[in-house]
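Step one of this worksheet: look at the structure below.
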Amino acid sequence: MSHPVPADILIVDDLEEKHIAYRASLEELNQNVVTVKSGAEALRLLLERDFAVILLDVNMPDMCGHETAALIRKRKKSRHTPIIFITAFADDVQAAEGYALGAVDYILSPVVPEVLRAKVKVFVDLHQMRSELARSHALLEKRVEERTAELERTAEILKVEVGERKRAEERLSLLVNELTHRVKNLLAVLQSIAVRTLNDSRNVADARQVLVGRLHALARAHEHLTEACWKGADLGHIVNAEVAGFSDRVRAAGPELLLTASAVQTFALIVHELATNAAKYGALLNAEGSIAIKWSIIDVRGEPHLEFQWKEKGGPPVVPATRKGFGLTLIGTMVSAMASEPAIDFAPDGLECRLKVPIDIIAAPVPEGRGVPRSAALAG
């Protein structure tokens, strides 16, 4: 197998110290890092060569990052080159302007080397895959021409080969697009989890423990999705995986329901947060507490909805102020994005959380040949 040709990465920043820092952060990728100090230099360089990705500082003298991006996009050769803006001061208006100019991402400065490296690597890999595909395409075209000259009477065979090649290219294109979509979604989820965890008022050791727990919850969700070839995962399996450590104290029951990939991630994090909070503050804090998890499909104004209920009892008296955090914030964000509102009840005998979400928003298509949804007792 041939090794991919190193890709070119362009860094546009007026500060030499930033060049040094970015080069050090990207050194592990073993690619060609090219640095310039102005938008004008970048535009001249883009006339001569192609780049896998451009890291563009927003605040530069003479020509700012947004002006440079606009000129880059006007040129046919660089119209689709990925641009990642780097800025120390970002707001919604500035971000919206950047994305309108075709930016693929925004990174706040000072950058975290691991984050910068991970995001750049995605576009380097895509660039190398496209380059390899172009080289393969060129070789295949040459072969087709040679065989056409030699085998004029085998035109039908040649048509079959060309057809297979096109189908292979289409499959590869679909695979690359799907990979790009999944990587972007995963990076967004990881960034949200990390930011929320580190913004909470806790020390480093506690933050690390909480972050590891949340990442494990996300990993378990991805394990279920991988086993199902990303066709979706059953809600019962997700709940089971997240409460497995408390199976003698938690009971869950409900019909089989295949969730989309995004819904799987969301429900995994929700159940993880509720279980973690219950262990710290609620029903799982003492030996008498227990949790009942139930879900069902109900009719709401003629449309099927998922009704999901988490009910704690037997724990210490609930104090609402001690239960606010990432979990409940996540629940509120998730259901509000799904045209619903959560019902959170800080009852003295135990927290109760109820969700109603339209099925068509969270349900994945049922694979052909799969049976009718069933009800089952799951954990315990």
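Residue numbering restarts at 1 in every chain; chains get A, B, ... in the order shown in the structure tokens, and ligands count up from 1 in that same order.
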Which of segment 98-163 of chain A DSSP labels strand (DSSP E), written as a PyMOL selection string:
chain A and resi 103-108
Restricting it to N, CA and C atoms, dump the selection as an mmCIF file, in the first residue's frame.
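This went into out_27.cif:
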```
data_model
loop_
_atom_site.group_PDB
_atom_site.id
_atom_site.type_symbol
_atom_site.label_atom_id
_atom_site.label_comp_id
_atom_site.auth_asym_id
_atom_site.auth_seq_id
_atom_site.Cartn_x
_atom_site.Cartn_y
_atom_site.Cartn_z
ATOM 1 N N ALA A 103 -16.758 29.343 6.087
ATOM 2 C CA ALA A 103 -15.902 28.733 7.106
ATOM 3 C C ALA A 103 -16.473 27.390 7.521
ATOM 4 N N VAL A 104 -15.579 26.438 7.820
ATOM 5 C CA VAL A 104 -16.033 25.128 8.297
ATOM 6 C C VAL A 104 -15.987 25.041 9.813
ATOM 7 N N ASP A 105 -15.261 25.981 10.462
ATOM 8 C CA ASP A 105 -15.171 25.928 11.924
ATOM 9 C C ASP A 105 -14.593 27.233 12.458
ATOM 10 N N TYR A 106 -14.792 27.439 13.765
ATOM 11 C CA TYR A 106 -14.211 28.559 14.508
ATOM 12 C C TYR A 106 -13.432 27.988 15.678
ATOM 13 N N ILE A 107 -12.195 28.451 15.893
ATOM 14 C CA ILE A 107 -11.402 28.036 17.049
ATOM 15 C C ILE A 107 -11.004 29.278 17.825
ATOM 16 N N LEU A 108 -11.227 29.242 19.146
ATOM 17 C CA LEU A 108 -10.860 30.374 19.987
ATOM 18 C C LEU A 108 -9.378 30.310 20.336
#
```
What lies within 12 Å of Ala279 of chain A using only C-alpha atoms, ignoring chain neighbours under 2 positions off, as a list of chain:residue names?
A:Val243, A:Gly245, A:Phe246, A:Arg249, A:Val250, A:His272, A:Glu273, A:Leu274, A:Ala275, A:Thr276, A:Asn277, A:Tyr281, A:Gly282, A:Ala283, A:Leu284, A:Leu285, A:Asn286, A:Ala287, A:Gly289, A:Ser290, A:Ile291, A:Glu312, A:Gly315, A:Pro316, A:Arg323
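Within 10 Å of Glu141 of chain A, once only C-alpha atoms are used and residues closer than 5 positions along the same chain are dropped, the contacting residues are A:Arg135, A:Ser136, A:Glu146, A:Arg147, A:Val162, A:Arg165.
Coordinates place atom CA of Pro113 of chain A at a distance of 16.9 Å from atom CA of Val12 of chain A.
Comparing A:Asp299, A:Arg44, A:Val53, A:Gly236 by their smallest distance to Leu10 of chain A, the closest is A:Val53 (using only C-alpha atoms).
Taking only C-alpha atoms, the non-local environment of Leu43 of chain A within 10 Å (same-chain residues fewer than 6 positions away omitted) comprises Thr68, Ala69, Leu71, Ile72, Arg75 and Ser78 of chain A.
Between atom CA of Asp50 of chain A and atom CA of His137 of chain A lies a distance of 18.5 Å.
If only C-alpha atoms are the atoms counted, then among A:Ala118, A:Leu139, A:Leu133, A:Ile359 the closest residue to Ala168 of chain A is A:Leu133.
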Atom CA of Glu256 of chain A to atom CA of Ile298 of chain A, distance in Å rounded to a single decimal:
13.7 Å
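Minimum atom-to-atom distance to Val124 of chain A, evaluated using only C-alpha atoms, belongs to A:Val33 out of A:Ile270, A:Val33, A:Ala252, A:Val300.
Among the candidates A:Glu307, A:Glu223, A:Glu150, A:Asp360, the one nearest to Ala343 of chain A when counting only C-alpha atoms is A:Glu307.
Neighbouring residues of Leu355 of chain A at 7 Å or closer, counting only C-alpha atoms and skipping chain neighbours under 2 positions away, are Glu307, Phe308, Gln309, Pro342, Ala343, Cys353 and Val357 of chain A.
Minimum atom-to-atom distance to Ile84 of chain A, evaluated using only C-alpha atoms, belongs to A:Val58 out of A:Ala40, A:Val112, A:Val58, A:Ala96.
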